Amino acid sequence: MGSGGRLAGGFISLSESVDWQQSLAESVTSAERLSKYLPIDGDMVDRVIQRYPMRINPYYLSLIKSSDDPLWRQAVPNAVELEVDAALKADPLSEAPQSPVDHLIHRYPDRVVFMISSQCAMYCRHCMRKRRVGKGRAVSRKAIEKGIEYIREQPGIHEVILSGGDPLLMSDGRLDEILTRLKKINHVEILRVHSRAPCTLPSRVTKDLAVLLSSYHPLYLNIQFNHPAELTPAAMAACKKLSDAGIPLGCQTVLLKGINDDAGVMMQLMRGLLKNRIRPYYLHHADPVQGTRHFRTSIAAGLEIMKELRGRIPGMGVPSYMIDLPGGGGKVPLLPEYIKKISRNKLLVENYEGKVFEYPVDFYKSFYP
Ligand SMILES: *Cc1c(COP(=O)(O)O)cnc(C)c1O
Ligand code: SF4
């Protein structure tokens, strides 16, 4: 068991400009090695990673400054992951039943999630796909072929969201191949990449990668930043390369206890994203996934944070707060209640400061049809 506490300058420091594949190969994946850097309970970590793998690459490890800090919590296994909780499911969103072929989820009519990689630069302890990430072998060529075939046969699919795992953990060559195949399908109008690599392994974002991705426009890239301390100079430089290549960047933050369940932290994160030309897109309420109970907050806490954001930071920096309905019902935005009262000809509406204003309903119509 570790002593905890803050160590000056963090647990390790990092040399610059290491090749990303080399950096990945140097990731910490065993309790034994992790105990050399962090004060952990090695037996506990050993037990957890038999079920849910661990990968902490040298970059992300260098960001961890003290026991149980917001970066530690995302990266280091916790005993709670093994506790069975009847309210939590391995696949609460029914992704498997909504997969017409392996590695592809077709929930909405016009877009699919295509999970072309099972690898990530770090295995986030809060991952909603922790049932599958980092497990088994790489997604086979054949499986990807089948996914592409499915997309080709469904003219209603207008967007393909490359996800995983992390699609950017594939080599440039392989990514290029897959994007080329998708681009050739006429009804696929836009591409989206969901990746945490700019946040968890910024060295992955090379100039070559930015150029490669930009040759498939319109291509959008959504990243997951969860804490302002993740917006390091290296991460900011990675995002700049992508933005400069004309790739619109979005952020899908997950609301996580002990990490960002605080309006001040969230505000700082959203401002930081805007400063780096990353548009906050969604704030996800954490899905009820087995092994993630220690990250869960109440929906009331999420709504309270949303209320704090609105009016106090630019509207562009206010994400939509989303819950994903169990059983595959899809994502639904939740808003704090701003309408305090509705009558035939007026609304009472609360502003960001909590003051209530009267809003006149259309002169010729009442609120109710
Ligand atoms: C989240 C999600 C999408 C994308 O939804 P957007 O609201 O367009 O971001 C698509 N398919 C599945 C299965 C999803 O979970
Ligand atoms: S990068 Fe994404 S898919 Fe990979 S472990 Fe983290 S949350 Fe899960």
# chains A, B, ... in the order shown; residues from 1 in each chain; ligands from 1

$ residues_near_ligand --ligand "ligand 2" --cutoff "6 Å" --atoms "only C-alpha atoms and all ligand atoms" --output "ChimeraX atom specification"
/A:120,123-124,127,129,164-166,196

$ write_last_selection --atoms "all heavy atoms" --output "PDB file, in the first residue's frame"
ATOM      1  N   CYS A 120      -6.133   1.048 -27.057  1.00  0.00           N
ATOM      2  CA  CYS A 120      -6.115   2.473 -26.716  1.00  0.00           C
ATOM      3  C   CYS A 120      -4.742   2.823 -26.168  1.00  0.00           C
ATOM      4  O   CYS A 120      -4.010   1.958 -25.700  1.00  0.00           O
ATOM      5  CB  CYS A 120      -7.162   2.798 -25.654  1.00  0.00           C
ATOM      6  SG  CYS A 120      -8.832   2.342 -26.162  1.00  0.00           S
ATOM      7  N   TYR A 123      -5.856   2.612 -21.020  1.00  0.00           N
ATOM      8  CA  TYR A 123      -7.168   2.056 -20.742  1.00  0.00           C
ATOM      9  C   TYR A 123      -7.792   2.827 -19.593  1.00  0.00           C
ATOM     10  O   TYR A 123      -7.407   2.670 -18.435  1.00  0.00           O
ATOM     11  CB  TYR A 123      -7.094   0.547 -20.500  1.00  0.00           C
ATOM     12  CG  TYR A 123      -6.655  -0.149 -21.765  1.00  0.00           C
ATOM     13  CD1 TYR A 123      -5.523  -0.935 -21.821  1.00  0.00           C
ATOM     14  CD2 TYR A 123      -7.367   0.078 -22.946  1.00  0.00           C
ATOM     15  CE1 TYR A 123      -5.105  -1.501 -23.021  1.00  0.00           C
ATOM     16  CE2 TYR A 123      -6.963  -0.483 -24.146  1.00  0.00           C
ATOM     17  CZ  TYR A 123      -5.833  -1.264 -24.178  1.00  0.00           C
ATOM     18  OH  TYR A 123      -5.421  -1.799 -25.365  1.00  0.00           O
ATOM     19  N   CYS A 124      -8.737   3.691 -19.955  1.00  0.00           N
ATOM     20  CA  CYS A 124      -9.390   4.542 -18.966  1.00  0.00           C
ATOM     21  C   CYS A 124     -10.209   3.655 -18.044  1.00  0.00           C
ATOM     22  O   CYS A 124     -10.986   2.817 -18.509  1.00  0.00           O
ATOM     23  CB  CYS A 124     -10.311   5.536 -19.659  1.00  0.00           C
ATOM     24  SG  CYS A 124      -9.488   6.383 -21.014  1.00  0.00           S
ATOM     25  N   CYS A 127     -13.980   3.597 -18.675  1.00  0.00           N
ATOM     26  CA  CYS A 127     -14.433   3.355 -20.053  1.00  0.00           C
ATOM     27  C   CYS A 127     -15.807   2.687 -20.120  1.00  0.00           C
ATOM     28  O   CYS A 127     -16.046   1.695 -19.431  1.00  0.00           O
ATOM     29  CB  CYS A 127     -13.423   2.476 -20.776  1.00  0.00           C
ATOM     30  SG  CYS A 127     -13.895   2.149 -22.492  1.00  0.00           S
ATOM     31  N   ARG A 129     -16.806   1.048 -22.593  1.00  0.00           N
ATOM     32  CA  ARG A 129     -16.630  -0.230 -23.286  1.00  0.00           C
ATOM     33  C   ARG A 129     -15.571  -1.075 -22.597  1.00  0.00           C
ATOM     34  O   ARG A 129     -14.831  -1.814 -23.237  1.00  0.00           O
ATOM     35  CB  ARG A 129     -16.258  -0.008 -24.756  1.00  0.00           C
ATOM     36  CG  ARG A 129     -17.360   0.655 -25.540  1.00  0.00           C
ATOM     37  CD  ARG A 129     -17.323   0.402 -27.038  1.00  0.00           C
ATOM     38  NE  ARG A 129     -18.419   1.141 -27.634  1.00  0.00           N
ATOM     39  CZ  ARG A 129     -18.278   2.217 -28.404  1.00  0.00           C
ATOM     40  NH1 ARG A 129     -17.080   2.647 -28.733  1.00  0.00           N
ATOM     41  NH2 ARG A 129     -19.333   2.847 -28.867  1.00  0.00           N
ATOM     42  N   GLY A 164     -13.683   2.737 -31.157  1.00  0.00           N
ATOM     43  CA  GLY A 164     -12.964   1.528 -30.725  1.00  0.00           C
ATOM     44  C   GLY A 164     -13.332   1.183 -29.305  1.00  0.00           C
ATOM     45  O   GLY A 164     -14.497   1.239 -28.947  1.00  0.00           O
ATOM     46  N   GLY A 165     -12.316   1.063 -28.533  1.00  0.00           N
ATOM     47  CA  GLY A 165     -10.914   1.361 -28.704  1.00  0.00           C
ATOM     48  C   GLY A 165     -10.650   2.729 -29.363  1.00  0.00           C
ATOM     49  O   GLY A 165     -11.502   3.581 -29.394  1.00  0.00           O
ATOM     50  N   ASP A 166      -9.438   2.851 -29.787  1.00  0.00           N
ATOM     51  CA  ASP A 166      -9.022   4.113 -30.383  1.00  0.00           C
ATOM     52  C   ASP A 166      -8.526   3.890 -31.802  1.00  0.00           C
ATOM     53  O   ASP A 166      -7.496   3.246 -32.017  1.00  0.00           O
ATOM     54  CB  ASP A 166      -7.907   4.733 -29.531  1.00  0.00           C
ATOM     55  CG  ASP A 166      -7.707   6.199 -29.841  1.00  0.00           C
ATOM     56  OD1 ASP A 166      -7.780   6.559 -31.034  1.00  0.00           O
ATOM     57  OD2 ASP A 166      -7.476   6.990 -28.906  1.00  0.00           O
ATOM     58  N   ARG A 196      -8.988   9.371 -28.206  1.00  0.00           N
ATOM     59  CA  ARG A 196      -8.438  10.037 -27.015  1.00  0.00           C
ATOM     60  C   ARG A 196      -6.957  10.292 -27.197  1.00  0.00           C
ATOM     61  O   ARG A 196      -6.319  10.870 -26.311  1.00  0.00           O
ATOM     62  CB  ARG A 196      -8.645   9.170 -25.762  1.00  0.00           C
ATOM     63  CG  ARG A 196      -9.771   9.623 -24.875  1.00  0.00           C
ATOM     64  CD  ARG A 196      -9.556   9.280 -23.393  1.00  0.00           C
ATOM     65  NE  ARG A 196      -9.341  10.503 -22.625  1.00  0.00           N
ATOM     66  CZ  ARG A 196      -9.251  10.561 -21.308  1.00  0.00           C
ATOM     67  NH1 ARG A 196      -9.348   9.465 -20.597  1.00  0.00           N
ATOM     68  NH2 ARG A 196      -9.048  11.712 -20.696  1.00  0.00           N
TER      69      ARG A 196
END

$ closest_atom_pairs --of "chain A" --to "ligand 1" --cutoff "7 Å" --atoms "only C-alpha atoms and all ligand atoms" --output "tab-separated table"
residue	atom	partner	partner_atom_place_in_ligand_line	distance
A:Glu95	CA	ligand 1	13 (C)	6.9
A:Ile105	CA	ligand 1	13 (C)	5.2
A:His106	CA	ligand 1	13 (C)	6.0
A:Arg107	CA	ligand 1	13 (C)	4.9
A:Tyr108	CA	ligand 1	11 (N)	6.0
A:Arg111	CA	ligand 1	10 (C)	5.9
A:Val112	CA	ligand 1	11 (N)	5.2
A:Val113	CA	ligand 1	11 (N)	5.1
A:Gly330	CA	ligand 1	15 (O)	6.6
A:Lys331	CA	ligand 1	7 (O)	6.4

$ closest_residue --among "A:Ser35, A:Asn78, A:Gln268, A:Thr253" --to "Met322 of chain A" --atoms "only C-alpha atoms"
A:Thr253

$ atom_distance --atom1 "atom CA of Glu149 of chain A" --atom2 "atom CA of Arg192 of chain A"
18.2 Å

$ atom_distance --atom1 "atom CA of Pro228 of chain A" --atom2 "atom CA of Leu249 of chain A"
16.5 Å

$ select_by_dssp --residues "segment 154-341 of chain A" --states "helix (DSSP H, G or I)" --output "VMD selection string"
chain A and resid 167 to 169 172 to 183 197 to 200 202 to 204 207 to 214 228 to 230 233 to 244 263 to 275 293 to 295 299 to 309 315 to 317

$ residues_around --residues "Glu304 of chain A" --least-positions-apart "5" --cutoff "9 Å" --atoms "only C-alpha atoms" --output "list in words"
Ala263, Ile299, Leu309 and Pro336 of chain A

$ closest_residue --among "A:Pro233, A:Pro167, A:Gly173, A:Gly311" --to "Val193 of chain A" --atoms "only C-alpha atoms"
A:Pro167

$ atom_distance --atom1 "atom CA of Pro77 of chain A" --atom2 "atom CA of Val48 of chain A"
6.4 Å

$ residues_around --residues "Pro333 of chain A" --least-positions-apart "3" --cutoff "7 Å" --atoms "only C-alpha atoms" --output "MDAnalysis selection string"
chainID A and resid 320:323

$ select_by_dssp --residues "segment 134-340 of chain A" --states "strand (DSSP E or B)" --output "VMD selection string"
chain A and resid 159 to 163 190 to 194 219 to 223 249 to 255 278 to 285 289 310 313 320 to 325 330 to 334 339 to 340

$ residues_around --residues "Trp20 of chain A" --least-positions-apart "4" --cutoff "10 Å" --atoms "only C-alpha atoms" --output "list in words"
Leu24, Ala25, Glu26, Asn57, Tyr59, Ala121, Leu169, Leu201, Pro202, Ser203, Arg204, Val205 and Thr206 of chain A

$ residues_around --residues "Gly327 of chain A" --least-positions-apart "4" --cutoff "8 Å" --atoms "only C-alpha atoms" --output "MDAnalysis selection string"
chainID A and resid 92:94

$ write_last_selection --atoms "all heavy atoms" --output "PDB file, in the first residue's frame"
ATOM      1  N   PRO A  92     -24.675  -1.815 -20.868  1.00  0.00           N
ATOM      2  CA  PRO A  92     -25.987  -1.255 -20.535  1.00  0.00           C
ATOM      3  C   PRO A  92     -26.713  -0.645 -21.732  1.00  0.00           C
ATOM      4  O   PRO A  92     -27.933  -0.516 -21.725  1.00  0.00           O
ATOM      5  CB  PRO A  92     -25.660  -0.174 -19.497  1.00  0.00           C
ATOM      6  CG  PRO A  92     -24.234   0.188 -19.754  1.00  0.00           C
ATOM      7  CD  PRO A  92     -23.578  -1.076 -20.229  1.00  0.00           C
ATOM      8  N   LEU A  93     -25.957  -0.228 -22.753  1.00  0.00           N
ATOM      9  CA  LEU A  93     -26.605   0.443 -23.883  1.00  0.00           C
ATOM     10  C   LEU A  93     -26.994  -0.546 -24.978  1.00  0.00           C
ATOM     11  O   LEU A  93     -27.380  -0.143 -26.074  1.00  0.00           O
ATOM     12  CB  LEU A  93     -25.672   1.520 -24.458  1.00  0.00           C
ATOM     13  CG  LEU A  93     -25.111   2.515 -23.432  1.00  0.00           C
ATOM     14  CD1 LEU A  93     -24.265   3.572 -24.130  1.00  0.00           C
ATOM     15  CD2 LEU A  93     -26.220   3.180 -22.631  1.00  0.00           C
ATOM     16  N   SER A  94     -26.870  -1.839 -24.685  1.00  0.00           N
ATOM     17  CA  SER A  94     -27.216  -2.874 -25.676  1.00  0.00           C
ATOM     18  C   SER A  94     -26.505  -2.651 -26.998  1.00  0.00           C
ATOM     19  O   SER A  94     -27.124  -2.681 -28.064  1.00  0.00           O
ATOM     20  CB  SER A  94     -28.736  -2.930 -25.902  1.00  0.00           C
ATOM     21  OG  SER A  94     -29.382  -3.231 -24.698  1.00  0.00           O
TER      22      SER A  94
END

$ decode --residues "segment 145-156 of chain A" --atoms "all heavy atoms" --output "short mmCIF file (atom, residue, chain, number, x, y, z; two decimals), in the first residue's frame"
data_model
loop_
_atom_site.label_atom_id
_atom_site.label_comp_id
_atom_site.auth_asym_id
_atom_site.auth_seq_id
_atom_site.Cartn_x
_atom_site.Cartn_y
_atom_site.Cartn_z
N GLU A 145 -13.46 -5.67 -43.09
CA GLU A 145 -14.01 -5.86 -44.43
C GLU A 145 -15.54 -6.02 -44.37
O GLU A 145 -16.27 -5.41 -45.14
CB GLU A 145 -13.36 -7.12 -45.03
CG GLU A 145 -13.15 -7.09 -46.50
CD GLU A 145 -12.58 -5.77 -46.97
OE1 GLU A 145 -11.56 -5.29 -46.44
OE2 GLU A 145 -13.22 -5.20 -47.87
N LYS A 146 -15.98 -6.84 -43.43
CA LYS A 146 -17.42 -7.11 -43.27
C LYS A 146 -18.17 -5.84 -42.90
O LYS A 146 -19.29 -5.60 -43.37
CB LYS A 146 -17.66 -8.17 -42.20
CG LYS A 146 -17.53 -9.58 -42.72
CD LYS A 146 -18.17 -10.54 -41.72
CE LYS A 146 -18.30 -11.93 -42.33
NZ LYS A 146 -18.40 -12.95 -41.29
N GLY A 147 -17.57 -5.03 -42.03
CA GLY A 147 -18.18 -3.77 -41.63
C GLY A 147 -18.33 -2.84 -42.82
O GLY A 147 -19.38 -2.22 -43.02
N ILE A 148 -17.28 -2.74 -43.60
CA ILE A 148 -17.31 -1.86 -44.78
C ILE A 148 -18.38 -2.33 -45.75
O ILE A 148 -19.13 -1.53 -46.31
CB ILE A 148 -15.91 -1.79 -45.45
CG1 ILE A 148 -14.91 -1.10 -44.50
CG2 ILE A 148 -15.99 -1.04 -46.78
CD1 ILE A 148 -13.47 -1.12 -44.98
N GLU A 149 -18.46 -3.65 -45.91
CA GLU A 149 -19.48 -4.21 -46.80
C GLU A 149 -20.88 -3.84 -46.33
O GLU A 149 -21.74 -3.45 -47.13
CB GLU A 149 -19.33 -5.73 -46.78
CG GLU A 149 -19.40 -6.39 -48.13
CD GLU A 149 -18.83 -7.80 -48.01
OE1 GLU A 149 -17.60 -7.95 -48.15
OE2 GLU A 149 -19.63 -8.71 -47.72
N TYR A 150 -21.10 -3.95 -45.02
CA TYR A 150 -22.41 -3.61 -44.45
C TYR A 150 -22.75 -2.15 -44.76
O TYR A 150 -23.85 -1.83 -45.19
CB TYR A 150 -22.42 -3.86 -42.94
CG TYR A 150 -23.72 -3.45 -42.28
CD1 TYR A 150 -24.83 -4.30 -42.29
CD2 TYR A 150 -23.86 -2.19 -41.69
CE1 TYR A 150 -26.03 -3.91 -41.71
CE2 TYR A 150 -25.05 -1.79 -41.10
CZ TYR A 150 -26.14 -2.67 -41.11
OH TYR A 150 -27.32 -2.28 -40.55
N ILE A 151 -21.77 -1.27 -44.54
CA ILE A 151 -22.00 0.16 -44.77
C ILE A 151 -22.32 0.40 -46.25
O ILE A 151 -23.22 1.17 -46.60
CB ILE A 151 -20.77 0.98 -44.33
CG1 ILE A 151 -20.58 0.88 -42.81
CG2 ILE A 151 -20.88 2.44 -44.76
CD1 ILE A 151 -19.21 1.32 -42.30
N ARG A 152 -21.61 -0.30 -47.12
CA ARG A 152 -21.82 -0.14 -48.56
C ARG A 152 -23.23 -0.55 -48.97
O ARG A 152 -23.84 0.04 -49.85
CB ARG A 152 -20.78 -0.96 -49.33
CG ARG A 152 -20.66 -0.54 -50.79
CD ARG A 152 -19.73 -1.42 -51.60
NE ARG A 152 -18.35 -1.34 -51.16
CZ ARG A 152 -17.65 -2.40 -50.72
NH1 ARG A 152 -18.20 -3.61 -50.68
NH2 ARG A 152 -16.41 -2.25 -50.34
N GLU A 153 -23.77 -1.56 -48.28
CA GLU A 153 -25.09 -2.08 -48.65
C GLU A 153 -26.25 -1.29 -48.04
O GLU A 153 -27.40 -1.60 -48.30
CB GLU A 153 -25.20 -3.54 -48.20
CG GLU A 153 -24.41 -4.47 -49.10
CD GLU A 153 -24.18 -5.83 -48.43
OE1 GLU A 153 -24.72 -6.06 -47.32
OE2 GLU A 153 -23.45 -6.64 -49.04
N GLN A 154 -25.94 -0.32 -47.20
CA GLN A 154 -27.01 0.44 -46.51
C GLN A 154 -26.98 1.89 -46.97
O GLN A 154 -26.28 2.72 -46.38
CB GLN A 154 -26.80 0.39 -45.00
CG GLN A 154 -26.76 -1.00 -44.40
CD GLN A 154 -28.15 -1.54 -44.10
OE1 GLN A 154 -29.03 -0.80 -43.67
NE2 GLN A 154 -28.35 -2.82 -44.35
N PRO A 155 -27.77 2.23 -47.98
CA PRO A 155 -27.71 3.59 -48.53
C PRO A 155 -28.15 4.67 -47.54
O PRO A 155 -27.88 5.85 -47.75
CB PRO A 155 -28.64 3.52 -49.74
CG PRO A 155 -29.46 2.30 -49.56
CD PRO A 155 -28.68 1.35 -48.70
N GLY A 156 -28.78 4.26 -46.44
CA GLY A 156 -29.23 5.25 -45.46
C GLY A 156 -28.12 5.73 -44.54
O GLY A 156 -28.31 6.67 -43.77
#
